$ cat target05.tsv   # TSV, N, CA and C atoms
chain	number	residue	atom	x	y	z
A	1	MET	N	-0.67	-92.13	-36.97
A	1	MET	CA	-0.95	-93.29	-36.16
A	1	MET	C	-0.46	-94.56	-36.86
A	2	PHE	N	-0.73	-94.62	-38.15
A	2	PHE	CA	-0.29	-95.78	-38.92
A	2	PHE	C	1.24	-95.88	-38.93
A	3	GLU	N	1.93	-94.75	-38.99
A	3	GLU	CA	3.39	-94.75	-38.99
A	3	GLU	C	3.96	-95.31	-37.69
A	4	ILE	N	3.35	-94.96	-36.56
A	4	ILE	CA	3.82	-95.46	-35.27
A	4	ILE	C	3.66	-96.98	-35.20
A	5	GLY	N	2.51	-97.47	-35.65
A	5	GLY	CA	2.29	-98.92	-35.68
A	5	GLY	C	3.25	-99.63	-36.60
A	6	TRP	N	3.50	-99.05	-37.78
A	6	TRP	CA	4.42	-99.65	-38.74
A	6	TRP	C	5.85	-99.66	-38.19
A	7	PHE	N	6.28	-98.57	-37.57
A	7	PHE	CA	7.62	-98.49	-36.99
A	7	PHE	C	7.79	-99.49	-35.85
A	8	SER	N	6.77	-99.62	-35.00
A	8	SER	CA	6.83	-100.59	-33.90
A	8	SER	C	6.88	-102.02	-34.44
A	9	ALA	N	6.11	-102.30	-35.47
A	9	ALA	CA	6.11	-103.65	-36.05
A	9	ALA	C	7.48	-103.97	-36.65
A	10	LYS	N	8.10	-103.00	-37.32
A	10	LYS	CA	9.43	-103.24	-37.89
A	10	LYS	C	10.46	-103.51	-36.80
A	11	LEU	N	10.42	-102.74	-35.72
A	11	LEU	CA	11.35	-102.96	-34.61
A	11	LEU	C	11.10	-104.31	-33.95
A	12	PHE	N	9.83	-104.70	-33.81
A	12	PHE	CA	9.50	-105.99	-33.20
A	12	PHE	C	10.07	-107.14	-34.02
A	13	PHE	N	9.88	-107.10	-35.31
A	13	PHE	CA	10.36	-108.20	-36.15
A	13	PHE	C	11.88	-108.21	-36.30
A	14	LYS	N	12.53	-107.08	-36.08
A	14	LYS	CA	13.99	-107.04	-36.07
A	14	LYS	C	14.55	-107.49	-34.73
A	15	GLY	N	13.70	-107.59	-33.72
A	15	GLY	CA	14.14	-107.99	-32.38
A	15	GLY	C	14.68	-106.85	-31.55
A	16	LYS	N	14.32	-105.62	-31.89
A	16	LYS	CA	14.86	-104.46	-31.19
A	16	LYS	C	13.81	-103.71	-30.38
A	17	LEU	N	12.61	-104.27	-30.22
A	17	LEU	CA	11.56	-103.55	-29.52
A	17	LEU	C	11.47	-103.93	-28.05
A	18	LEU	N	11.62	-105.19	-27.74
A	18	LEU	CA	11.44	-105.68	-26.38
A	18	LEU	C	12.78	-105.79	-25.67
A	19	ARG	N	12.84	-105.30	-24.44
A	19	ARG	CA	14.06	-105.39	-23.66
A	19	ARG	C	14.29	-106.81	-23.14
A	20	ASP	N	13.23	-107.46	-22.68
A	20	ASP	CA	13.31	-108.83	-22.17
A	20	ASP	C	12.18	-109.65	-22.81
A	21	PRO	N	12.43	-110.25	-23.99
A	21	PRO	CA	11.37	-110.96	-24.70
A	21	PRO	C	10.85	-112.18	-23.94
A	22	LEU	N	11.68	-112.84	-23.15
A	22	LEU	CA	11.22	-114.02	-22.42
A	22	LEU	C	10.21	-113.64	-21.34
A	23	TYR	N	10.40	-112.52	-20.68
A	23	TYR	CA	9.44	-112.03	-19.70
A	23	TYR	C	8.11	-111.74	-20.37
A	24	PHE	N	8.15	-111.10	-21.53
A	24	PHE	CA	6.94	-110.78	-22.27
A	24	PHE	C	6.19	-112.05	-22.67
A	25	VAL	N	6.90	-113.03	-23.20
A	25	VAL	CA	6.28	-114.29	-23.63
A	25	VAL	C	5.68	-115.02	-22.43
A	26	ARG	N	6.41	-115.04	-21.30
A	26	ARG	CA	5.91	-115.71	-20.11
A	26	ARG	C	4.63	-115.07	-19.59
A	27	GLN	N	4.61	-113.75	-19.50
A	27	GLN	CA	3.44	-113.05	-19.00
A	27	GLN	C	2.25	-113.21	-19.94
A	28	MET	N	2.51	-113.18	-21.25
A	28	MET	CA	1.42	-113.39	-22.20
A	28	MET	C	0.88	-114.81	-22.10
A	29	ALA	N	1.76	-115.79	-21.91
A	29	ALA	CA	1.32	-117.18	-21.77
A	29	ALA	C	0.47	-117.36	-20.52
A	30	ILE	N	0.83	-116.69	-19.44
A	30	ILE	CA	0.03	-116.75	-18.21
A	30	ILE	C	-1.36	-116.17	-18.46
A	31	GLY	N	-1.43	-115.03	-19.09
A	31	GLY	CA	-2.72	-114.40	-19.37
A	31	GLY	C	-3.59	-115.23	-20.31
A	32	ILE	N	-2.98	-115.77	-21.36
A	32	ILE	CA	-3.72	-116.60	-22.30
A	32	ILE	C	-4.21	-117.87	-21.63
A	33	SER	N	-3.38	-118.46	-20.78
A	33	SER	CA	-3.78	-119.68	-20.07
A	33	SER	C	-4.97	-119.42	-19.14
A	34	ILE	N	-4.94	-118.30	-18.44
A	34	ILE	CA	-6.06	-117.96	-17.55
A	34	ILE	C	-7.33	-117.76	-18.37
A	35	GLY	N	-7.22	-117.06	-19.48
A	35	GLY	CA	-8.38	-116.85	-20.33
A	35	GLY	C	-8.93	-118.14	-20.90
A	36	CYS	N	-8.05	-119.05	-21.34
A	36	CYS	CA	-8.50	-120.34	-21.87
A	36	CYS	C	-9.13	-121.19	-20.77
A	37	LEU	N	-8.57	-121.15	-19.59
A	37	LEU	CA	-9.12	-121.91	-18.47
A	37	LEU	C	-10.54	-121.43	-18.13
A	38	ILE	N	-10.72	-120.12	-18.10
A	38	ILE	CA	-12.05	-119.57	-17.84
A	38	ILE	C	-13.02	-119.96	-18.94
A	39	LEU	N	-12.57	-119.85	-20.19
A	39	LEU	CA	-13.44	-120.18	-21.32
A	39	LEU	C	-13.87	-121.64	-21.30
A	40	VAL	N	-12.92	-122.54	-21.11
A	40	VAL	CA	-13.23	-123.96	-21.12
A	40	VAL	C	-14.12	-124.34	-19.94
A	41	SER	N	-13.84	-123.80	-18.78
A	41	SER	CA	-14.65	-124.15	-17.61
A	41	SER	C	-16.08	-123.63	-17.73
A	42	LEU	N	-16.26	-122.43	-18.26
A	42	LEU	CA	-17.61	-121.90	-18.41
A	42	LEU	C	-18.35	-122.52	-19.60
A	43	ALA	N	-17.62	-122.94	-20.62
A	43	ALA	CA	-18.25	-123.54	-21.79
A	43	ALA	C	-18.83	-124.92	-21.48
A	44	GLN	N	-18.40	-125.53	-20.40
A	44	GLN	CA	-18.93	-126.84	-20.00
A	44	GLN	C	-20.34	-126.74	-19.43
A	45	SER	N	-20.75	-125.55	-19.04
A	45	SER	CA	-22.08	-125.39	-18.45
A	45	SER	C	-23.13	-125.29	-19.56
A	46	GLU	N	-24.38	-125.17	-19.16
A	46	GLU	CA	-25.50	-125.17	-20.09
A	46	GLU	C	-25.87	-123.78	-20.61
A	47	MET	N	-25.00	-122.81	-20.47
A	47	MET	CA	-25.31	-121.46	-20.94
A	47	MET	C	-24.93	-121.33	-22.42
A	48	PRO	N	-25.46	-120.34	-23.13
A	48	PRO	CA	-25.08	-120.14	-24.53
A	48	PRO	C	-23.59	-119.84	-24.64
A	49	PHE	N	-22.99	-120.26	-25.76
A	49	PHE	CA	-21.53	-120.17	-25.89
A	49	PHE	C	-21.02	-118.73	-25.92
A	50	TRP	N	-21.83	-117.78	-26.36
A	50	TRP	CA	-21.36	-116.40	-26.44
A	50	TRP	C	-21.06	-115.81	-25.06
A	51	LEU	N	-21.76	-116.28	-24.04
A	51	LEU	CA	-21.55	-115.74	-22.70
A	51	LEU	C	-20.17	-116.11	-22.13
A	52	PRO	N	-19.71	-117.38	-22.21
A	52	PRO	CA	-18.35	-117.68	-21.75
A	52	PRO	C	-17.27	-116.95	-22.56
A	53	VAL	N	-17.53	-116.74	-23.85
A	53	VAL	CA	-16.56	-116.01	-24.67
A	53	VAL	C	-16.43	-114.57	-24.18
A	54	VAL	N	-17.54	-113.94	-23.91
A	54	VAL	CA	-17.53	-112.55	-23.44
A	54	VAL	C	-16.87	-112.46	-22.06
A	55	VAL	N	-17.23	-113.36	-21.16
A	55	VAL	CA	-16.68	-113.32	-19.79
A	55	VAL	C	-15.18	-113.58	-19.80
A	56	SER	N	-14.74	-114.58	-20.56
A	56	SER	CA	-13.30	-114.88	-20.59
A	56	SER	C	-12.52	-113.76	-21.27
A	57	SER	N	-13.09	-113.14	-22.29
A	57	SER	CA	-12.41	-112.02	-22.96
A	57	SER	C	-12.27	-110.82	-22.02
A	58	LEU	N	-13.32	-110.52	-21.28
A	58	LEU	CA	-13.25	-109.41	-20.33
A	58	LEU	C	-12.25	-109.70	-19.20
A	59	ALA	N	-12.25	-110.94	-18.72
A	59	ALA	CA	-11.32	-111.30	-17.64
A	59	ALA	C	-9.87	-111.23	-18.13
A	60	THR	N	-9.62	-111.75	-19.33
A	60	THR	CA	-8.27	-111.71	-19.87
A	60	THR	C	-7.82	-110.28	-20.12
A	61	GLY	N	-8.71	-109.46	-20.65
A	61	GLY	CA	-8.40	-108.05	-20.87
A	61	GLY	C	-8.14	-107.30	-19.58
A	62	ALA	N	-8.81	-107.69	-18.51
A	62	ALA	CA	-8.60	-107.04	-17.21
A	62	ALA	C	-7.30	-107.49	-16.55
A	63	ILE	N	-6.87	-108.72	-16.82
A	63	ILE	CA	-5.66	-109.27	-16.21
A	63	ILE	C	-4.39	-108.74	-16.87
A	64	MET	N	-4.42	-108.52	-18.17
A	64	MET	CA	-3.21	-108.17	-18.91
A	64	MET	C	-2.49	-106.91	-18.40
A	65	PRO	N	-3.17	-105.83	-18.06
A	65	PRO	CA	-2.42	-104.68	-17.53
A	65	PRO	C	-1.65	-104.99	-16.25
A	66	PHE	N	-2.20	-105.85	-15.41
A	66	PHE	CA	-1.50	-106.22	-14.18
A	66	PHE	C	-0.31	-107.14	-14.47
A	67	LEU	N	-0.45	-108.01	-15.46
A	67	LEU	CA	0.65	-108.91	-15.80
A	67	LEU	C	1.79	-108.16	-16.49
A	68	LEU	N	1.46	-107.15	-17.25
A	68	LEU	CA	2.49	-106.44	-18.03
A	68	LEU	C	2.84	-105.08	-17.44
A	69	LYS	N	2.58	-104.87	-16.15
A	69	LYS	CA	2.87	-103.56	-15.55
A	69	LYS	C	4.37	-103.28	-15.46
A	70	ASP	N	5.21	-104.30	-15.38
A	70	ASP	CA	6.66	-104.12	-15.31
A	70	ASP	C	7.34	-104.33	-16.67
A	71	PHE	N	6.58	-104.33	-17.72
A	71	PHE	CA	7.09	-104.56	-19.07
A	71	PHE	C	7.94	-103.38	-19.53
A	72	LYS	N	9.13	-103.66	-20.05
A	72	LYS	CA	10.04	-102.60	-20.50
A	72	LYS	C	10.34	-102.77	-22.00
A	73	MET	N	10.39	-101.63	-22.68
A	73	MET	CA	10.75	-101.63	-24.10
A	73	MET	C	12.08	-100.88	-24.23
A	74	LYS	N	12.76	-101.13	-25.33
A	74	LYS	CA	14.04	-100.44	-25.58
A	74	LYS	C	13.82	-99.02	-26.04

$ encode --input "target05.tsv" --output "structure tokens"
Amino acid sequence: MFEIGWFSAKLFFKGKLLRDPLYFVRQMAIGISIGCLILVSLAQSEMPFWLPVVVSSLATGAIMPFLLKDFKMK
């Protein structure tokens, strides 16, 4: 398992892992923006801070598979 992660990391840093890196960056930015928007909007309320963190993390984790469903690797 460690070898697969190490091999993928080496290919990523060489620039040979992603077929379309701009698509990947754009989709990740969309997901991160949605997560930050949820976090900031919920953190403004009077609830404990751990609750907005949990909700925004779950929402961002649920959104990412849909955003990266067309993601292609080399």

$ select_by_dssp --input "target05.tsv" --residues "stretch 16-64 of chain A" --states "alpha helix (DSSP H)" --output "ChimeraX atom specification"
/A:21-43,50-64

$ residues_around --input "target05.tsv" --residues "A:Thr60" --least-positions-apart "6" --cutoff "8 Å" --atoms "only N, CA and C atoms" --output "MDAnalysis selection string"
chainID A and resid 31:32 34:36 54

$ atom_distance --input "target05.tsv" --atom1 "atom C of A:Leu67" --atom2 "atom CA of A:Ile30"
8.9 Å

$ atom_distance --input "target05.tsv" --atom1 "atom CA of A:Phe12" --atom2 "atom C of A:Lys74"
10.9 Å

$ atom_distance --input "target05.tsv" --atom1 "atom CA of A:Gln27" --atom2 "atom CA of A:Leu68"
6.7 Å

$ build_atoms --input "target05.tsv" --residues "stretch 34-49 of chain A" --atoms "N, CA, C and O atoms" --output "short mmCIF file (atom, residue, chain, number, x, y, z; two decimals), keeping the file's coordinate frame"
data_model
loop_
_atom_site.label_atom_id
_atom_site.label_comp_id
_atom_site.auth_asym_id
_atom_site.auth_seq_id
_atom_site.Cartn_x
_atom_site.Cartn_y
_atom_site.Cartn_z
N ILE A 34 -4.94 -118.30 -18.44
CA ILE A 34 -6.06 -117.96 -17.55
C ILE A 34 -7.33 -117.76 -18.37
O ILE A 34 -8.40 -118.26 -18.01
N GLY A 35 -7.22 -117.06 -19.48
CA GLY A 35 -8.38 -116.85 -20.33
C GLY A 35 -8.93 -118.14 -20.90
O GLY A 35 -10.15 -118.35 -20.93
N CYS A 36 -8.05 -119.05 -21.34
CA CYS A 36 -8.50 -120.34 -21.87
C CYS A 36 -9.13 -121.19 -20.77
O CYS A 36 -10.13 -121.87 -21.02
N LEU A 37 -8.57 -121.15 -19.59
CA LEU A 37 -9.12 -121.91 -18.47
C LEU A 37 -10.54 -121.43 -18.13
O LEU A 37 -11.45 -122.24 -17.92
N ILE A 38 -10.72 -120.12 -18.10
CA ILE A 38 -12.05 -119.57 -17.84
C ILE A 38 -13.02 -119.96 -18.94
O ILE A 38 -14.16 -120.37 -18.68
N LEU A 39 -12.57 -119.85 -20.19
CA LEU A 39 -13.44 -120.18 -21.32
C LEU A 39 -13.87 -121.64 -21.30
O LEU A 39 -15.05 -121.95 -21.43
N VAL A 40 -12.92 -122.54 -21.11
CA VAL A 40 -13.23 -123.96 -21.12
C VAL A 40 -14.12 -124.34 -19.94
O VAL A 40 -15.08 -125.11 -20.09
N SER A 41 -13.84 -123.80 -18.78
CA SER A 41 -14.65 -124.15 -17.61
C SER A 41 -16.08 -123.63 -17.73
O SER A 41 -17.02 -124.33 -17.36
N LEU A 42 -16.26 -122.43 -18.26
CA LEU A 42 -17.61 -121.90 -18.41
C LEU A 42 -18.35 -122.52 -19.60
O LEU A 42 -19.57 -122.61 -19.58
N ALA A 43 -17.62 -122.94 -20.62
CA ALA A 43 -18.25 -123.54 -21.79
C ALA A 43 -18.83 -124.92 -21.48
O ALA A 43 -19.68 -125.41 -22.22
N GLN A 44 -18.40 -125.53 -20.40
CA GLN A 44 -18.93 -126.84 -20.00
C GLN A 44 -20.34 -126.74 -19.43
O GLN A 44 -21.04 -127.74 -19.36
N SER A 45 -20.75 -125.55 -19.04
CA SER A 45 -22.08 -125.39 -18.45
C SER A 45 -23.13 -125.29 -19.56
O SER A 45 -22.82 -125.30 -20.75
N GLU A 46 -24.38 -125.17 -19.16
CA GLU A 46 -25.50 -125.17 -20.09
C GLU A 46 -25.87 -123.78 -20.61
O GLU A 46 -26.96 -123.60 -21.13
N MET A 47 -25.00 -122.81 -20.47
CA MET A 47 -25.31 -121.46 -20.94
C MET A 47 -24.93 -121.33 -22.42
O MET A 47 -24.15 -122.13 -22.93
N PRO A 48 -25.46 -120.34 -23.13
CA PRO A 48 -25.08 -120.14 -24.53
C PRO A 48 -23.59 -119.84 -24.64
O PRO A 48 -22.99 -119.23 -23.74
N PHE A 49 -22.99 -120.26 -25.76
CA PHE A 49 -21.53 -120.17 -25.89
C PHE A 49 -21.02 -118.73 -25.92
O PHE A 49 -19.88 -118.46 -25.54
#
